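Source file: entry-v2.cif; contents: mmCIF, C-alpha atoms, pLDDT in the B column; chains and numbers go by the auth columns.
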data_upload
loop_
_atom_site.group_PDB
_atom_site.id
_atom_site.type_symbol
_atom_site.label_atom_id
_atom_site.label_comp_id
_atom_site.label_asym_id
_atom_site.label_seq_id
_atom_site.Cartn_x
_atom_site.Cartn_y
_atom_site.Cartn_z
_atom_site.B_iso_or_equiv
_atom_site.auth_seq_id
_atom_site.auth_asym_id
ATOM 1 C CA LYS A 1 10.847 30.269 26.942 88.00 1 A
ATOM 2 C CA GLN A 2 12.853 29.218 29.969 93.00 2 A
ATOM 3 C CA GLU A 3 15.539 31.705 31.000 94.00 3 A
ATOM 4 C CA VAL A 4 18.070 31.223 33.775 96.00 4 A
ATOM 5 C CA THR A 5 19.746 34.175 35.470 96.00 5 A
ATOM 6 C CA GLN A 6 22.566 34.209 37.982 96.00 6 A
ATOM 7 C CA ILE A 7 23.382 37.062 40.313 92.00 7 A
ATOM 8 C CA PRO A 8 25.941 38.349 41.003 92.00 8 A
ATOM 9 C CA ALA A 9 28.040 37.891 37.863 94.00 9 A
ATOM 10 C CA ALA A 10 31.219 38.129 39.920 95.00 10 A
ATOM 11 C CA LEU A 11 32.044 37.983 43.602 95.00 11 A
ATOM 12 C CA SER A 12 35.267 38.493 45.529 97.00 12 A
ATOM 13 C CA VAL A 13 35.421 37.568 49.215 96.00 13 A
ATOM 14 C CA PRO A 14 38.072 36.965 51.871 97.00 14 A
ATOM 15 C CA GLU A 15 38.784 33.444 52.988 97.00 15 A
ATOM 16 C CA GLY A 16 36.475 32.132 55.694 97.00 16 A
ATOM 17 C CA GLU A 17 33.346 33.998 54.681 97.00 17 A
ATOM 18 C CA ASN A 18 30.024 32.257 54.190 97.00 18 A
ATOM 19 C CA LEU A 19 28.483 33.223 50.889 95.00 19 A
ATOM 20 C CA VAL A 20 25.361 32.775 48.805 96.00 20 A
ATOM 21 C CA LEU A 21 25.073 32.493 45.049 97.00 21 A
ATOM 22 C CA ASN A 22 21.697 33.058 43.437 97.00 22 A
ATOM 23 C CA CYS A 23 19.980 31.455 40.475 98.00 23 A
ATOM 24 C CA SER A 24 16.530 32.318 39.143 98.00 24 A
ATOM 25 C CA PHE A 25 14.467 30.736 36.375 97.00 25 A
ATOM 26 C CA THR A 26 11.323 31.908 34.636 97.00 26 A
ATOM 27 C CA ASP A 27 9.356 28.646 34.216 94.00 27 A
ATOM 28 C CA SER A 28 8.733 26.433 37.244 93.00 28 A
ATOM 29 C CA ALA A 29 8.076 23.346 35.087 93.00 29 A
ATOM 30 C CA ILE A 30 11.467 21.751 35.623 93.00 30 A
ATOM 31 C CA TYR A 31 12.580 18.195 36.394 91.00 31 A
ATOM 32 C CA ASN A 32 15.609 19.215 38.418 92.00 32 A
ATOM 33 C CA LEU A 33 18.178 21.934 38.996 95.00 33 A
ATOM 34 C CA GLN A 34 21.926 21.426 39.106 95.00 34 A
ATOM 35 C CA TRP A 35 24.851 23.446 40.293 97.00 35 A
ATOM 36 C CA PHE A 36 28.151 23.019 38.474 96.00 36 A
ATOM 37 C CA ARG A 37 31.656 24.291 39.073 97.00 37 A
ATOM 38 C CA GLN A 38 33.933 25.312 36.207 96.00 38 A
ATOM 39 C CA ASP A 39 37.624 26.091 36.623 95.00 39 A
ATOM 40 C CA PRO A 40 39.222 28.380 34.002 91.00 40 A
ATOM 41 C CA GLY A 41 39.598 26.646 30.659 90.00 41 A
ATOM 42 C CA LYS A 42 38.152 23.397 31.982 92.00 42 A
ATOM 43 C CA GLY A 43 34.964 21.390 31.774 93.00 43 A
ATOM 44 C CA LEU A 44 32.087 21.395 34.243 94.00 44 A
ATOM 45 C CA THR A 45 31.922 19.360 37.435 94.00 45 A
ATOM 46 C CA SER A 46 28.525 18.609 38.937 93.00 46 A
ATOM 47 C CA LEU A 47 28.267 19.759 42.563 96.00 47 A
ATOM 48 C CA LEU A 48 24.656 19.203 43.545 95.00 48 A
ATOM 49 C CA LEU A 49 21.472 18.063 41.847 93.00 49 A
ATOM 50 C CA ILE A 50 18.094 18.924 43.349 94.00 50 A
ATOM 51 C CA GLN A 51 15.101 17.075 42.005 92.00 51 A
ATOM 52 C CA SER A 52 11.911 19.058 41.490 92.00 52 A
ATOM 53 C CA SER A 53 10.282 17.388 44.500 92.00 53 A
ATOM 54 C CA GLN A 54 13.164 18.271 46.817 93.00 54 A
ATOM 55 C CA ARG A 55 13.851 21.461 48.739 95.00 55 A
ATOM 56 C CA GLU A 56 17.588 21.186 49.271 95.00 56 A
ATOM 57 C CA GLN A 57 20.719 19.099 48.913 95.00 57 A
ATOM 58 C CA THR A 58 23.936 19.181 50.894 96.00 58 A
ATOM 59 C CA SER A 59 27.468 18.069 50.149 95.00 59 A
ATOM 60 C CA GLY A 60 30.188 19.005 52.598 97.00 60 A
ATOM 61 C CA ARG A 61 30.380 22.788 52.853 97.00 61 A
ATOM 62 C CA LEU A 62 27.849 23.232 50.049 98.00 62 A
ATOM 63 C CA ASN A 63 24.111 23.513 50.453 98.00 63 A
ATOM 64 C CA ALA A 64 21.723 24.159 47.608 97.00 64 A
ATOM 65 C CA SER A 65 18.066 25.045 48.016 97.00 65 A
ATOM 66 C CA LEU A 66 15.242 25.053 45.513 97.00 66 A
ATOM 67 C CA ASP A 67 11.986 27.012 45.585 96.00 67 A
ATOM 68 C CA LYS A 68 10.194 26.015 42.407 94.00 68 A
ATOM 69 C CA SER A 69 7.157 28.207 42.977 93.00 69 A
ATOM 70 C CA SER A 70 9.260 31.361 43.108 95.00 70 A
ATOM 71 C CA GLY A 71 11.735 30.163 40.488 96.00 71 A
ATOM 72 C CA ARG A 72 14.771 30.448 42.705 97.00 72 A
ATOM 73 C CA SER A 73 17.727 28.441 43.901 98.00 73 A
ATOM 74 C CA THR A 74 20.602 29.387 46.118 97.00 74 A
ATOM 75 C CA LEU A 75 24.013 27.813 46.587 97.00 75 A
ATOM 76 C CA TYR A 76 25.406 28.379 50.051 97.00 76 A
ATOM 77 C CA ILE A 77 29.153 27.926 50.554 97.00 77 A
ATOM 78 C CA ALA A 78 30.279 27.771 54.157 98.00 78 A
ATOM 79 C CA ALA A 79 33.722 28.862 55.327 97.00 79 A
ATOM 80 C CA SER A 80 34.988 29.695 51.863 97.00 80 A
ATOM 81 C CA GLN A 81 38.541 28.737 50.850 97.00 81 A
ATOM 82 C CA PRO A 82 40.840 29.941 48.047 97.00 82 A
ATOM 83 C CA GLY A 83 40.323 26.559 46.397 97.00 83 A
ATOM 84 C CA ASP A 84 36.651 27.450 45.962 98.00 84 A
ATOM 85 C CA SER A 85 37.638 30.089 43.399 98.00 85 A
ATOM 86 C CA ALA A 86 35.896 29.155 40.151 97.00 86 A
ATOM 87 C CA THR A 87 32.818 29.923 38.102 96.00 87 A
ATOM 88 C CA TYR A 88 29.592 28.415 39.421 97.00 88 A
ATOM 89 C CA LEU A 89 26.845 27.608 36.950 97.00 89 A
ATOM 90 C CA CYS A 90 23.285 26.595 37.615 97.00 90 A
ATOM 91 C CA ALA A 91 21.192 24.709 35.083 96.00 91 A
ATOM 92 C CA VAL A 92 17.553 23.648 35.004 95.00 92 A
ATOM 93 C CA LYS A 93 16.400 20.459 33.353 92.00 93 A
ATOM 94 C CA THR A 94 13.373 20.632 31.079 90.00 94 A
ATOM 95 C CA ASP A 95 13.601 18.624 27.880 86.00 95 A
ATOM 96 C CA LYS A 96 17.232 19.724 27.963 89.00 96 A
ATOM 97 C CA LEU A 97 19.640 21.490 30.289 92.00 97 A
ATOM 98 C CA ILE A 98 19.353 25.281 30.240 94.00 98 A
ATOM 99 C CA PHE A 99 22.286 27.086 31.794 96.00 99 A
ATOM 100 C CA GLY A 100 22.716 30.401 33.512 96.00 100 A
ATOM 101 C CA THR A 101 25.656 32.640 32.669 93.00 101 A
ATOM 102 C CA GLY A 102 27.460 31.832 35.905 96.00 102 A
ATOM 103 C CA THR A 103 28.930 33.592 38.927 97.00 103 A
ATOM 104 C CA ARG A 104 32.697 34.012 38.926 96.00 104 A
ATOM 105 C CA LEU A 105 33.905 33.595 42.511 97.00 105 A
ATOM 106 C CA GLN A 106 37.288 34.637 43.840 98.00 106 A
ATOM 107 C CA VAL A 107 38.252 33.787 47.413 97.00 107 A
ATOM 108 C CA PHE A 108 41.417 35.549 48.507 96.00 108 A
ATOM 109 C CA PRO A 109 43.622 34.562 51.469 95.00 109 A
ATOM 110 C CA ASP B 1 39.793 5.567 34.606 58.00 110 B
ATOM 111 C CA GLY B 2 36.303 6.202 33.298 67.00 111 B
ATOM 112 C CA GLY B 3 35.545 9.554 31.792 92.00 112 B
ATOM 113 C CA ILE B 4 35.139 11.771 28.781 95.00 113 B
ATOM 114 C CA THR B 5 38.051 12.871 26.648 96.00 114 B
ATOM 115 C CA GLN B 6 38.112 15.667 24.145 97.00 115 B
ATOM 116 C CA SER B 7 40.876 16.340 21.707 92.00 116 B
ATOM 117 C CA PRO B 8 42.651 18.474 20.933 92.00 117 B
ATOM 118 C CA LYS B 9 42.667 20.891 23.863 94.00 118 B
ATOM 119 C CA TYR B 10 43.486 23.827 21.583 95.00 119 B
ATOM 120 C CA LEU B 11 42.724 24.051 17.876 94.00 120 B
ATOM 121 C CA PHE B 12 43.571 26.766 15.389 93.00 121 B
ATOM 122 C CA ARG B 13 42.109 26.884 11.916 90.00 122 B
ATOM 123 C CA LYS B 14 41.957 29.290 9.031 90.00 123 B
ATOM 124 C CA GLU B 15 38.645 30.846 8.101 88.00 124 B
ATOM 125 C CA GLY B 16 36.732 28.719 5.611 88.00 125 B
ATOM 126 C CA GLN B 17 38.172 25.377 6.723 91.00 126 B
ATOM 127 C CA ASN B 18 36.112 22.595 8.217 93.00 127 B
ATOM 128 C CA VAL B 19 37.389 21.157 11.479 94.00 128 B
ATOM 129 C CA THR B 20 36.356 18.106 13.516 96.00 129 B
ATOM 130 C CA LEU B 21 36.424 17.990 17.303 96.00 130 B
ATOM 131 C CA SER B 22 36.731 14.616 18.973 97.00 131 B
ATOM 132 C CA CYS B 23 34.701 13.394 21.956 97.00 132 B
ATOM 133 C CA GLU B 24 35.091 9.909 23.414 97.00 133 B
ATOM 134 C CA GLN B 25 33.557 8.405 26.555 96.00 134 B
ATOM 135 C CA ASN B 26 34.114 5.067 28.278 95.00 135 B
ATOM 136 C CA LEU B 27 31.308 5.475 30.806 92.00 136 B
ATOM 137 C CA ASN B 28 28.910 3.329 28.752 91.00 137 B
ATOM 138 C CA HIS B 29 26.546 6.297 28.621 92.00 138 B
ATOM 139 C CA ASP B 30 23.758 6.309 26.084 92.00 139 B
ATOM 140 C CA ALA B 31 23.335 10.024 25.473 94.00 140 B
ATOM 141 C CA MET B 32 25.970 12.497 24.334 96.00 141 B
ATOM 142 C CA TYR B 33 25.848 16.250 23.910 97.00 142 B
ATOM 143 C CA TRP B 34 27.794 19.116 22.358 98.00 143 B
ATOM 144 C CA TYR B 35 27.694 22.600 23.849 98.00 144 B
ATOM 145 C CA ARG B 36 29.275 25.860 22.900 97.00 145 B
ATOM 146 C CA GLN B 37 30.430 28.380 25.515 96.00 146 B
ATOM 147 C CA ASP B 38 31.202 32.017 24.752 94.00 147 B
ATOM 148 C CA PRO B 39 32.573 34.580 27.237 86.00 148 B
ATOM 149 C CA GLY B 40 29.852 35.926 29.500 79.00 149 B
ATOM 150 C CA GLN B 41 27.265 33.479 28.178 82.00 150 B
ATOM 151 C CA GLY B 42 25.889 30.237 29.413 86.00 151 B
ATOM 152 C CA LEU B 43 26.367 26.962 27.589 94.00 152 B
ATOM 153 C CA ARG B 44 24.272 26.556 24.456 95.00 153 B
ATOM 154 C CA LEU B 45 23.279 23.181 23.058 96.00 154 B
ATOM 155 C CA ILE B 46 24.490 22.422 19.526 97.00 155 B
ATOM 156 C CA TYR B 47 23.531 18.760 18.966 98.00 156 B
ATOM 157 C CA TYR B 48 22.653 15.750 21.068 96.00 157 B
ATOM 158 C CA SER B 49 22.307 12.035 20.567 96.00 158 B
ATOM 159 C CA GLN B 50 20.252 9.638 22.686 92.00 159 B
ATOM 160 C CA ILE B 51 21.318 6.436 20.932 92.00 160 B
ATOM 161 C CA VAL B 52 23.719 5.243 18.283 94.00 161 B
ATOM 162 C CA ASN B 53 22.923 6.313 14.719 95.00 162 B
ATOM 163 C CA ASP B 54 20.481 8.959 15.904 95.00 163 B
ATOM 164 C CA PHE B 55 20.965 12.632 16.782 96.00 164 B
ATOM 165 C CA GLN B 56 18.920 15.827 17.060 96.00 165 B
ATOM 166 C CA LYS B 57 19.618 19.503 16.571 97.00 166 B
ATOM 167 C CA GLY B 58 19.941 21.708 19.593 96.00 167 B
ATOM 168 C CA ASP B 59 19.428 25.451 19.791 94.00 168 B
ATOM 169 C CA ILE B 60 22.360 26.520 17.599 96.00 169 B
ATOM 170 C CA ALA B 61 22.955 23.673 15.118 97.00 170 B
ATOM 171 C CA GLU B 62 23.466 25.813 12.020 96.00 171 B
ATOM 172 C CA GLY B 63 26.987 25.432 10.659 96.00 172 B
ATOM 173 C CA TYR B 64 27.674 22.252 12.626 97.00 173 B
ATOM 174 C CA SER B 65 27.340 18.537 11.895 97.00 174 B
ATOM 175 C CA VAL B 66 27.715 15.383 13.990 98.00 175 B
ATOM 176 C CA SER B 67 27.742 11.616 13.671 97.00 176 B
ATOM 177 C CA ARG B 68 27.103 8.816 16.173 97.00 177 B
ATOM 178 C CA GLU B 69 28.391 5.612 14.614 97.00 178 B
ATOM 179 C CA LYS B 70 29.624 4.200 17.919 96.00 179 B
ATOM 180 C CA LYS B 71 28.216 4.498 21.420 96.00 180 B
ATOM 181 C CA GLU B 72 31.448 5.877 22.809 97.00 181 B
ATOM 182 C CA SER B 73 32.152 8.496 20.130 98.00 182 B
ATOM 183 C CA PHE B 74 30.341 11.691 19.107 98.00 183 B
ATOM 184 C CA PRO B 75 32.535 13.884 16.860 98.00 184 B
ATOM 185 C CA LEU B 76 31.506 17.438 16.008 97.00 185 B
ATOM 186 C CA THR B 77 32.401 19.065 12.692 97.00 186 B
ATOM 187 C CA VAL B 78 32.491 22.840 12.546 95.00 187 B
ATOM 188 C CA THR B 79 31.880 23.750 8.929 93.00 188 B
ATOM 189 C CA SER B 80 32.715 26.873 6.968 88.00 189 B
ATOM 190 C CA ALA B 81 29.018 27.787 7.182 87.00 190 B
ATOM 191 C CA GLN B 82 29.396 28.582 10.892 88.00 191 B
ATOM 192 C CA LYS B 83 29.724 32.362 10.949 88.00 192 B
ATOM 193 C CA ASN B 84 31.495 32.776 14.270 90.00 193 B
ATOM 194 C CA PRO B 85 33.139 29.473 15.214 93.00 194 B
ATOM 195 C CA THR B 86 35.704 30.765 17.710 95.00 195 B
ATOM 196 C CA ALA B 87 34.520 29.443 21.083 96.00 196 B
ATOM 197 C CA PHE B 88 35.037 26.863 23.813 96.00 197 B
ATOM 198 C CA TYR B 89 33.348 23.560 22.939 97.00 198 B
ATOM 199 C CA LEU B 90 32.219 21.119 25.611 97.00 199 B
ATOM 200 C CA CYS B 91 31.094 17.546 25.170 97.00 200 B
ATOM 201 C CA ALA B 92 28.967 15.762 27.767 96.00 201 B
ATOM 202 C CA SER B 93 27.370 12.368 28.280 95.00 202 B
ATOM 203 C CA ARG B 94 24.547 10.963 30.382 91.00 203 B
ATOM 204 C CA LEU B 95 23.277 7.544 31.385 84.00 204 B
ATOM 205 C CA THR B 96 19.657 7.680 30.276 75.00 205 B
ATOM 206 C CA SER B 97 18.442 4.504 31.933 64.00 206 B
ATOM 207 C CA GLY B 98 18.211 6.361 35.217 57.00 207 B
ATOM 208 C CA GLY B 99 15.614 8.730 33.812 58.00 208 B
ATOM 209 C CA LEU B 100 15.571 12.467 33.553 54.00 209 B
ATOM 210 C CA THR B 101 17.354 13.016 36.842 56.00 210 B
ATOM 211 C CA ASP B 102 20.702 11.641 35.722 72.00 211 B
ATOM 212 C CA THR B 103 23.417 14.244 35.631 83.00 212 B
ATOM 213 C CA GLN B 104 25.528 15.033 32.617 89.00 213 B
ATOM 214 C CA TYR B 105 29.276 14.462 32.833 92.00 214 B
ATOM 215 C CA PHE B 106 31.466 16.903 30.964 95.00 215 B
ATOM 216 C CA GLY B 107 34.742 16.578 29.118 96.00 216 B
ATOM 217 C CA PRO B 108 37.628 19.068 29.537 96.00 217 B
ATOM 218 C CA GLY B 109 36.693 21.072 26.448 96.00 218 B
ATOM 219 C CA THR B 110 38.325 22.163 23.194 97.00 219 B
ATOM 220 C CA ARG B 111 39.132 25.801 22.548 96.00 220 B
ATOM 221 C CA LEU B 112 38.742 26.529 18.835 96.00 221 B
ATOM 222 C CA THR B 113 40.213 29.688 17.393 95.00 222 B
ATOM 223 C CA VAL B 114 39.582 30.621 13.789 91.00 223 B
ATOM 224 C CA LEU B 115 42.177 32.970 12.385 87.00 224 B
#
Please rewrite the model in this file as structure tokens.
Amino acid sequence: KQEVTQIPAALSVPEGENLVLNCSFTDSAIYNLQWFRQDPGKGLTSLLLIQSSQREQTSGRLNASLDKSSGRSTLYIAASQPGDSATYLCAVKTDKLIFGTGTRLQVFP
Amino acid sequence: DGGITQSPKYLFRKEGQNVTLSCEQNLNHDAMYWYRQDPGQGLRLIYYSQIVNDFQKGDIAEGYSVSREKKESFPLTVTSAQKNPTAFYLCASRLTSGGLTDTQYFGPGTRLTVL
């Protein structure tokens, strides 16, 4: 059974820091992996989607990597800003999307 | 504007009452999904539908029912059989013609509280 874990559960950093969020999954048979952002009480917004054949994807200050063989993905956020404060969820696609429990990020000025 | 709408944003019901959550999309997406989110847990799939008039159970379908009479609508009914219905409910849709790599787009959610 596929399980997705995200570490750390919560993270608080000062503005301007580069940071890394981690996601691990137990079964490497996935079609893709996605990173989502969720603001409090809101829906999810897709940030990056990495197909199983890809190693990384970049969008602005965000870079996501995928190592299928080790069952790991990282989301790198460069030069963090207070507006980045949110919960970040990763999800792997098998026959359905399986979500991790998220990392709650707070960036303080 | 294209997107997914969920209504209401907040919903309060007495224990034992059925309640229906609305989800509408104008993205012309084929597939629609219902998830439940509890504090400290990831999203869990309740039901999904790939085409009109067809739907399948997800991981936690007990106590829930759905219908898909129109492509743009996928309402979720939380019945009195659901033992712990208080949660945040998210609806999503996906364009399936692009294959398995298409992302899901999420609505803003409905927070259901059973008193």
Length of the CA of Val4 in chain A to CA of Gly218 in chain B vector [Å]: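 One can read the CA of Val4 in chain A to CA of Gly218 in chain B distance as 22.4 Å.
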Pick from B:Gln191, B:Ser131, B:Gln126, B:Gln146 nearest to chain A, counting only C-alpha atoms: B:Gln146
Selection under test: the PyMOL selection byres ((chain B) within 10 of (chain A)); residues as a VMD selection string: chain B and resid 118 146 to 154 157 167 197 to 201 209 to 220
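Neighbouring residues of Thr58 in chain A at 12 Å or closer, counting only C-alpha atoms and skipping chain neighbours under 4 positions away, are Trp35, Leu47, Leu48, Leu49, Ile50, Gln54, Leu62, Asn63, Ala64, Ser65, Leu66, Thr74, Leu75, Tyr76, Ile77 and Ala78 of chain A.
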Would you give the centre and edge lengths, in Å to one decimal, of a box along x, y and z around the listed atoms of range 194-205 of chain B, with 4 Å added to each side, as AutoDock Vina command-line options?
--center_x 27.7 --center_y 19.2 --center_z 23.3 --size_x 24.0 --size_y 31.2 --size_z 24.2
One-decimal distance in Å that lies between CA of Tyr156 in chain B and CA of Ser176 in chain B: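 Those two atoms sit 9.8 Å apart.
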Of the listed residues B:Asn135, B:Thr205, B:Thr222, B:Gln165, that which approaches Ser182 in chain B most closely, counting only C-alpha atoms: B:Asn135
Would you kindly translate the PyMOL selection byres ((chain B and resi 113) around 6) into the concrete residues it picks from this file, as a short mmCIF file (atom, residue, chain, number, x, y, z; two decimals) with C-alpha atoms, keeping the file's coordinate frame?
data_model
loop_
_atom_site.label_atom_id
_atom_site.label_comp_id
_atom_site.auth_asym_id
_atom_site.auth_seq_id
_atom_site.Cartn_x
_atom_site.Cartn_y
_atom_site.Cartn_z
CA GLY B 112 35.54 9.55 31.79
CA THR B 114 38.05 12.87 26.65
CA GLU B 133 35.09 9.91 23.41
CA GLN B 134 33.56 8.40 26.56
CA GLY B 216 34.74 16.58 29.12
#
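Straight-line separation from CA of Ala190 in chain B to CA of Lys123 in chain B: 13.2 Å.
Residue nearest Ala170 in chain B, chosen from B:Thr195, B:Tyr144, B:Leu136, B:Leu221 and counting only C-alpha atoms: B:Tyr144.
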Who sits within 7 Å of Leu11 in chain A, all atoms listed in the file, same chain under 5 positions skipped, as a count of residues only: 3
Protein/DNA/RNA residues near (30.4, 10.9, 21.4), cut 6 Å, all atoms listed in the file, as an MDAnalysis selection string: chainID B and resid 132:133 141 181:184
